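Structure file protein10.txt (compact mmCIF, N, CA and C atoms) is printed below.
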```txt
# COMPACT_ATOMS: atom_id res chain seq x y z
N MET A 1 18.60 9.76 25.13
CA MET A 1 19.92 9.70 24.54
C MET A 1 20.00 10.77 23.46
N THR A 2 21.17 11.34 23.27
CA THR A 2 21.34 12.42 22.31
C THR A 2 21.98 11.90 21.02
N GLU A 3 21.46 12.35 19.91
CA GLU A 3 22.02 11.97 18.62
C GLU A 3 23.48 12.41 18.56
N GLY A 4 24.32 11.56 17.97
CA GLY A 4 25.75 11.83 17.87
C GLY A 4 26.58 11.10 18.89
N HIS A 5 25.95 10.63 19.98
CA HIS A 5 26.69 9.89 21.00
C HIS A 5 27.07 8.51 20.51
N LEU A 6 28.22 8.03 20.96
CA LEU A 6 28.64 6.67 20.70
C LEU A 6 27.92 5.77 21.70
N VAL A 7 27.25 4.71 21.22
CA VAL A 7 26.43 3.85 22.08
C VAL A 7 26.72 2.37 21.82
N ILE A 8 26.41 1.56 22.83
CA ILE A 8 26.42 0.11 22.72
C ILE A 8 24.96 -0.34 22.80
N VAL A 9 24.56 -1.22 21.89
CA VAL A 9 23.18 -1.69 21.85
C VAL A 9 23.18 -3.22 21.87
N ARG A 10 22.39 -3.80 22.78
CA ARG A 10 22.09 -5.24 22.76
C ARG A 10 20.65 -5.35 22.29
N TYR A 11 20.39 -6.24 21.34
CA TYR A 11 19.06 -6.31 20.74
C TYR A 11 18.77 -7.72 20.24
N TYR A 12 17.48 -7.99 20.04
CA TYR A 12 17.06 -9.25 19.44
C TYR A 12 17.12 -9.10 17.92
N ASP A 13 17.79 -10.05 17.28
CA ASP A 13 17.89 -10.06 15.83
C ASP A 13 17.02 -11.19 15.29
N HIS A 14 16.33 -10.93 14.22
CA HIS A 14 15.45 -11.93 13.61
C HIS A 14 16.27 -13.02 12.94
N VAL A 15 15.72 -14.20 12.87
CA VAL A 15 16.38 -15.34 12.23
C VAL A 15 15.55 -15.78 11.02
N LEU A 16 16.19 -15.84 9.89
CA LEU A 16 15.54 -16.30 8.68
C LEU A 16 15.84 -17.79 8.51
N PHE A 17 14.81 -18.58 8.27
CA PHE A 17 15.03 -19.99 8.02
C PHE A 17 14.21 -20.44 6.82
N LYS A 18 14.68 -21.52 6.18
CA LYS A 18 14.03 -22.01 4.97
C LYS A 18 14.22 -23.52 4.89
N ASP A 19 13.18 -24.21 4.53
CA ASP A 19 13.24 -25.65 4.30
C ASP A 19 13.82 -26.42 5.49
N THR A 20 13.48 -26.01 6.69
CA THR A 20 13.99 -26.69 7.88
C THR A 20 13.04 -27.83 8.26
N LEU A 21 13.60 -28.89 8.83
CA LEU A 21 12.77 -30.02 9.26
C LEU A 21 12.03 -29.70 10.55
N SER A 22 12.68 -28.93 11.42
CA SER A 22 12.04 -28.55 12.68
C SER A 22 12.40 -27.11 13.01
N SER A 23 11.41 -26.30 13.24
CA SER A 23 11.65 -24.90 13.59
C SER A 23 11.51 -24.65 15.08
N ASN A 24 11.40 -25.70 15.88
CA ASN A 24 11.18 -25.55 17.32
C ASN A 24 12.31 -24.80 18.03
N ALA A 25 13.55 -25.00 17.63
CA ALA A 25 14.69 -24.38 18.31
C ALA A 25 15.03 -23.00 17.75
N LEU A 26 14.40 -22.60 16.68
CA LEU A 26 14.71 -21.32 16.05
C LEU A 26 13.97 -20.19 16.74
N ARG A 27 14.71 -19.15 17.07
CA ARG A 27 14.15 -17.99 17.75
C ARG A 27 15.07 -16.80 17.51
N PRO A 28 14.60 -15.59 17.75
CA PRO A 28 15.51 -14.44 17.62
C PRO A 28 16.72 -14.61 18.54
N VAL A 29 17.87 -14.13 18.09
CA VAL A 29 19.11 -14.24 18.85
C VAL A 29 19.50 -12.87 19.38
N VAL A 30 20.24 -12.85 20.47
CA VAL A 30 20.73 -11.59 21.04
C VAL A 30 22.05 -11.23 20.37
N ARG A 31 22.10 -10.02 19.85
CA ARG A 31 23.32 -9.50 19.23
C ARG A 31 23.66 -8.19 19.90
N GLU A 32 24.88 -7.72 19.67
CA GLU A 32 25.26 -6.40 20.16
C GLU A 32 26.07 -5.69 19.11
N THR A 33 26.00 -4.37 19.17
CA THR A 33 26.70 -3.54 18.20
C THR A 33 27.10 -2.23 18.86
N VAL A 34 28.03 -1.54 18.23
CA VAL A 34 28.49 -0.22 18.68
C VAL A 34 28.37 0.73 17.50
N GLY A 35 27.93 1.94 17.76
CA GLY A 35 27.84 2.93 16.70
C GLY A 35 27.44 4.29 17.23
N TRP A 36 27.44 5.27 16.34
CA TRP A 36 26.98 6.61 16.69
C TRP A 36 25.48 6.67 16.50
N LEU A 37 24.78 7.17 17.51
CA LEU A 37 23.33 7.32 17.41
C LEU A 37 23.05 8.44 16.40
N ASP A 38 22.48 8.06 15.27
CA ASP A 38 22.25 8.98 14.17
C ASP A 38 20.84 9.57 14.20
N TYR A 39 19.87 8.76 14.68
CA TYR A 39 18.47 9.20 14.69
C TYR A 39 17.71 8.36 15.69
N GLU A 40 16.69 8.96 16.31
CA GLU A 40 15.84 8.24 17.24
C GLU A 40 14.44 8.83 17.20
N ASN A 41 13.42 7.94 17.16
CA ASN A 41 12.05 8.37 17.34
C ASN A 41 11.35 7.35 18.24
N THR A 42 10.05 7.35 18.31
CA THR A 42 9.35 6.44 19.22
C THR A 42 9.38 4.99 18.76
N GLU A 43 9.67 4.73 17.48
CA GLU A 43 9.64 3.37 16.94
C GLU A 43 11.00 2.71 16.76
N TYR A 44 12.03 3.48 16.43
CA TYR A 44 13.33 2.87 16.14
C TYR A 44 14.47 3.85 16.38
N ILE A 45 15.70 3.27 16.40
CA ILE A 45 16.91 4.08 16.40
C ILE A 45 17.70 3.73 15.15
N ARG A 46 18.57 4.65 14.76
CA ARG A 46 19.45 4.39 13.63
C ARG A 46 20.88 4.64 14.08
N LEU A 47 21.74 3.63 13.90
CA LEU A 47 23.16 3.73 14.26
C LEU A 47 24.00 3.82 13.00
N VAL A 48 25.09 4.57 13.09
CA VAL A 48 26.07 4.63 12.01
C VAL A 48 27.34 3.95 12.51
N TRP A 49 27.82 2.96 11.75
CA TRP A 49 29.05 2.24 12.10
C TRP A 49 30.27 2.86 11.47
N GLU A 50 30.10 3.36 10.26
CA GLU A 50 31.23 3.87 9.50
C GLU A 50 30.81 5.14 8.78
N ARG A 51 31.71 6.12 8.82
CA ARG A 51 31.42 7.41 8.19
C ARG A 51 32.73 8.08 7.82
N TYR A 52 32.67 9.07 6.96
CA TYR A 52 33.86 9.83 6.63
C TYR A 52 34.28 10.67 7.82
N ALA A 53 35.56 10.70 8.12
CA ALA A 53 36.06 11.50 9.24
C ALA A 53 36.21 12.97 8.85
N GLU A 54 36.37 13.23 7.56
CA GLU A 54 36.54 14.58 7.06
C GLU A 54 35.59 14.80 5.88
N PRO A 55 35.18 16.04 5.68
CA PRO A 55 34.30 16.31 4.53
C PRO A 55 34.99 15.96 3.21
N ILE A 56 34.22 15.46 2.29
CA ILE A 56 34.73 15.14 0.95
C ILE A 56 34.46 16.34 0.04
N ILE A 57 35.46 16.77 -0.69
CA ILE A 57 35.31 17.92 -1.58
C ILE A 57 35.26 17.41 -3.02
N GLY A 58 34.32 17.92 -3.78
CA GLY A 58 34.21 17.55 -5.19
C GLY A 58 32.77 17.21 -5.53
N GLU A 59 32.38 17.53 -6.74
CA GLU A 59 31.01 17.31 -7.17
C GLU A 59 30.65 15.84 -7.27
N GLU A 60 31.62 14.99 -7.59
CA GLU A 60 31.34 13.58 -7.78
C GLU A 60 31.31 12.80 -6.46
N SER A 61 31.81 13.41 -5.40
CA SER A 61 31.84 12.72 -4.11
C SER A 61 30.46 12.75 -3.46
N GLN A 62 30.13 11.68 -2.79
CA GLN A 62 28.87 11.61 -2.06
C GLN A 62 29.17 11.30 -0.62
N PHE A 63 28.39 11.89 0.29
CA PHE A 63 28.51 11.57 1.70
C PHE A 63 27.84 10.22 1.91
N ARG A 64 28.59 9.25 2.39
CA ARG A 64 28.06 7.89 2.54
C ARG A 64 28.32 7.40 3.96
N THR A 65 27.37 6.66 4.50
CA THR A 65 27.51 6.05 5.81
C THR A 65 27.02 4.62 5.75
N THR A 66 27.44 3.82 6.72
CA THR A 66 26.99 2.45 6.86
C THR A 66 26.50 2.26 8.27
N GLY A 67 25.36 1.58 8.45
CA GLY A 67 24.82 1.42 9.79
C GLY A 67 23.67 0.45 9.85
N LEU A 68 22.82 0.67 10.84
CA LEU A 68 21.75 -0.27 11.14
C LEU A 68 20.59 0.48 11.78
N ALA A 69 19.38 0.15 11.38
CA ALA A 69 18.17 0.65 12.03
C ALA A 69 17.60 -0.49 12.87
N ILE A 70 17.28 -0.21 14.14
CA ILE A 70 16.80 -1.25 15.06
C ILE A 70 15.49 -0.78 15.69
N ARG A 71 14.47 -1.64 15.63
CA ARG A 71 13.19 -1.32 16.27
C ARG A 71 13.40 -1.24 17.78
N LYS A 72 12.81 -0.26 18.42
CA LYS A 72 12.95 -0.10 19.87
C LYS A 72 12.39 -1.28 20.64
N SER A 73 11.36 -1.93 20.10
CA SER A 73 10.78 -3.08 20.79
C SER A 73 11.75 -4.27 20.84
N ASP A 74 12.79 -4.26 20.02
CA ASP A 74 13.78 -5.34 19.99
C ASP A 74 15.02 -5.01 20.82
N ILE A 75 15.11 -3.81 21.36
CA ILE A 75 16.28 -3.40 22.13
C ILE A 75 16.19 -3.91 23.56
N ILE A 76 17.25 -4.60 23.99
CA ILE A 76 17.36 -5.10 25.36
C ILE A 76 18.07 -4.06 26.22
N GLU A 77 19.13 -3.48 25.67
CA GLU A 77 19.93 -2.50 26.41
C GLU A 77 20.52 -1.50 25.44
N LEU A 78 20.49 -0.23 25.84
CA LEU A 78 21.09 0.86 25.06
C LEU A 78 21.83 1.73 26.05
N ARG A 79 23.16 1.81 25.88
CA ARG A 79 23.92 2.66 26.82
C ARG A 79 25.00 3.46 26.09
N ARG A 80 25.23 4.63 26.61
CA ARG A 80 26.21 5.53 26.02
C ARG A 80 27.61 5.11 26.44
N VAL A 81 28.57 5.19 25.48
CA VAL A 81 29.97 4.95 25.78
C VAL A 81 30.56 6.27 26.25
N ARG A 82 31.22 6.25 27.37
CA ARG A 82 31.77 7.51 27.92
C ARG A 82 33.22 7.68 27.58
```
Would you mind writing the file out in structure tokens?
Amino acid sequence: MTEGHLVIVRYYDHVLFKDTLSSNALRPVVRETVGWLDYENTEYIRLVWERYAEPIIGEESQFRTTGLAIRKSDIIELRRVR
């Protein structure tokens, strides 16, 4: 997959629990997300969900993005949106 492409990812998400009486039913859950593939290596991918559409001008402005890094071992499906 090429960085910059819009992708859909289905992955296992970890579940945090605390002070539970029984942890037998707790397990990672399947989630899905959409984003631009920002980075990929052998261990993980990084998606960007939100970014500036146009460059910001000014010394006080910062380029900011929001997204998610997902371990490749947790990915069930990764496909490009056409």
Q.
Could you check the closest approach to A:Gly35 for each of A:Ile56, A:Leu47, A:Thr2, A:Thr66 and tell me which residue wins, using all atoms listed in the file?
A.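 Checking each of A:Ile56, A:Leu47, A:Thr2, A:Thr66 against A:Gly35, counting all atoms listed in the file, the winner is A:Leu47.
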| request: Show which residues sit within 9 Å of A:Asp13, as an MDAnalysis selection string. Count only C-alpha atoms, and ignore same-chain residues fewer than 2 positions away. | output: chainID A and resid 11 15 27:31 70 74
Restricting to only C-alpha atoms, whichever of A:Arg10, A:Glu3, A:Glu50, A:Ile45 is closest to A:Glu32 is A:Arg10
Interatomic distance, atom N of A:Thr65 to atom N of A:Arg51 (Å, one decimal):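 Separation between atom N of A:Thr65 and atom N of A:Arg51: 6.1 Å.
Across the structure, atom CA of A:Tyr52 and atom CA of A:Tyr39 are spaced 17.4 Å apart.
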- Message: What's the separation between atom N of A:Val81 and atom N of A:Phe63, in Å to one decimal place?
- Response: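 That distance, rounded to one decimal, is 26.1 Å.
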Item to complete: Run DSSP on the backbone and give me the residues of chain A it puts in strand (DSSP E or B), as JSON, numbers by chain.
Response: {"A": [6, 7, 8, 9, 10, 11, 12, 13, 29, 30, 31, 32, 33, 34, 35, 36, 37, 38, 39, 40, 44, 45, 46, 47, 48, 49, 50, 51, 65, 66, 67, 68, 69, 70, 71, 75, 76, 77, 78, 79, 80]}
Restricting to only C-alpha atoms, whichever of A:Arg46, A:Ser23, A:Asn41, A:Ala53 is closest to A:Val9 is A:Arg46
**Message:** From the options A:Glu40, A:Thr33, A:Leu21, A:Ala69, which residue's atoms come nearest to A:Ile8, counting all atoms listed in the file?
**Reply:**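 Residue with the minimum atom-to-atom distance to A:Ile8: A:Thr33.
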Contacts of A:His5 at 7 Å (only C-alpha atoms; same-chain gap of 4+ positions) as a list in words
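Residues near the query, excluding close chain neighbours: Trp36, Leu37 and Arg80 of chain A.
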task: Measuring atom to atom with only C-alpha atoms, identify which of A:His14, A:Gly4, A:Arg71, A:Ile76 is nearest to A:Glu43.
output: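 The closest residue to A:Glu43 is A:Arg71.
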* To do: Go through A:Thr42, A:Val7, A:Lys18, A:Leu26 and flag the residue nearest A:Leu78, using all atoms listed in the file for the distances.
  =>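 Looking at the shortest contact to A:Leu78, the residue is A:Val7.
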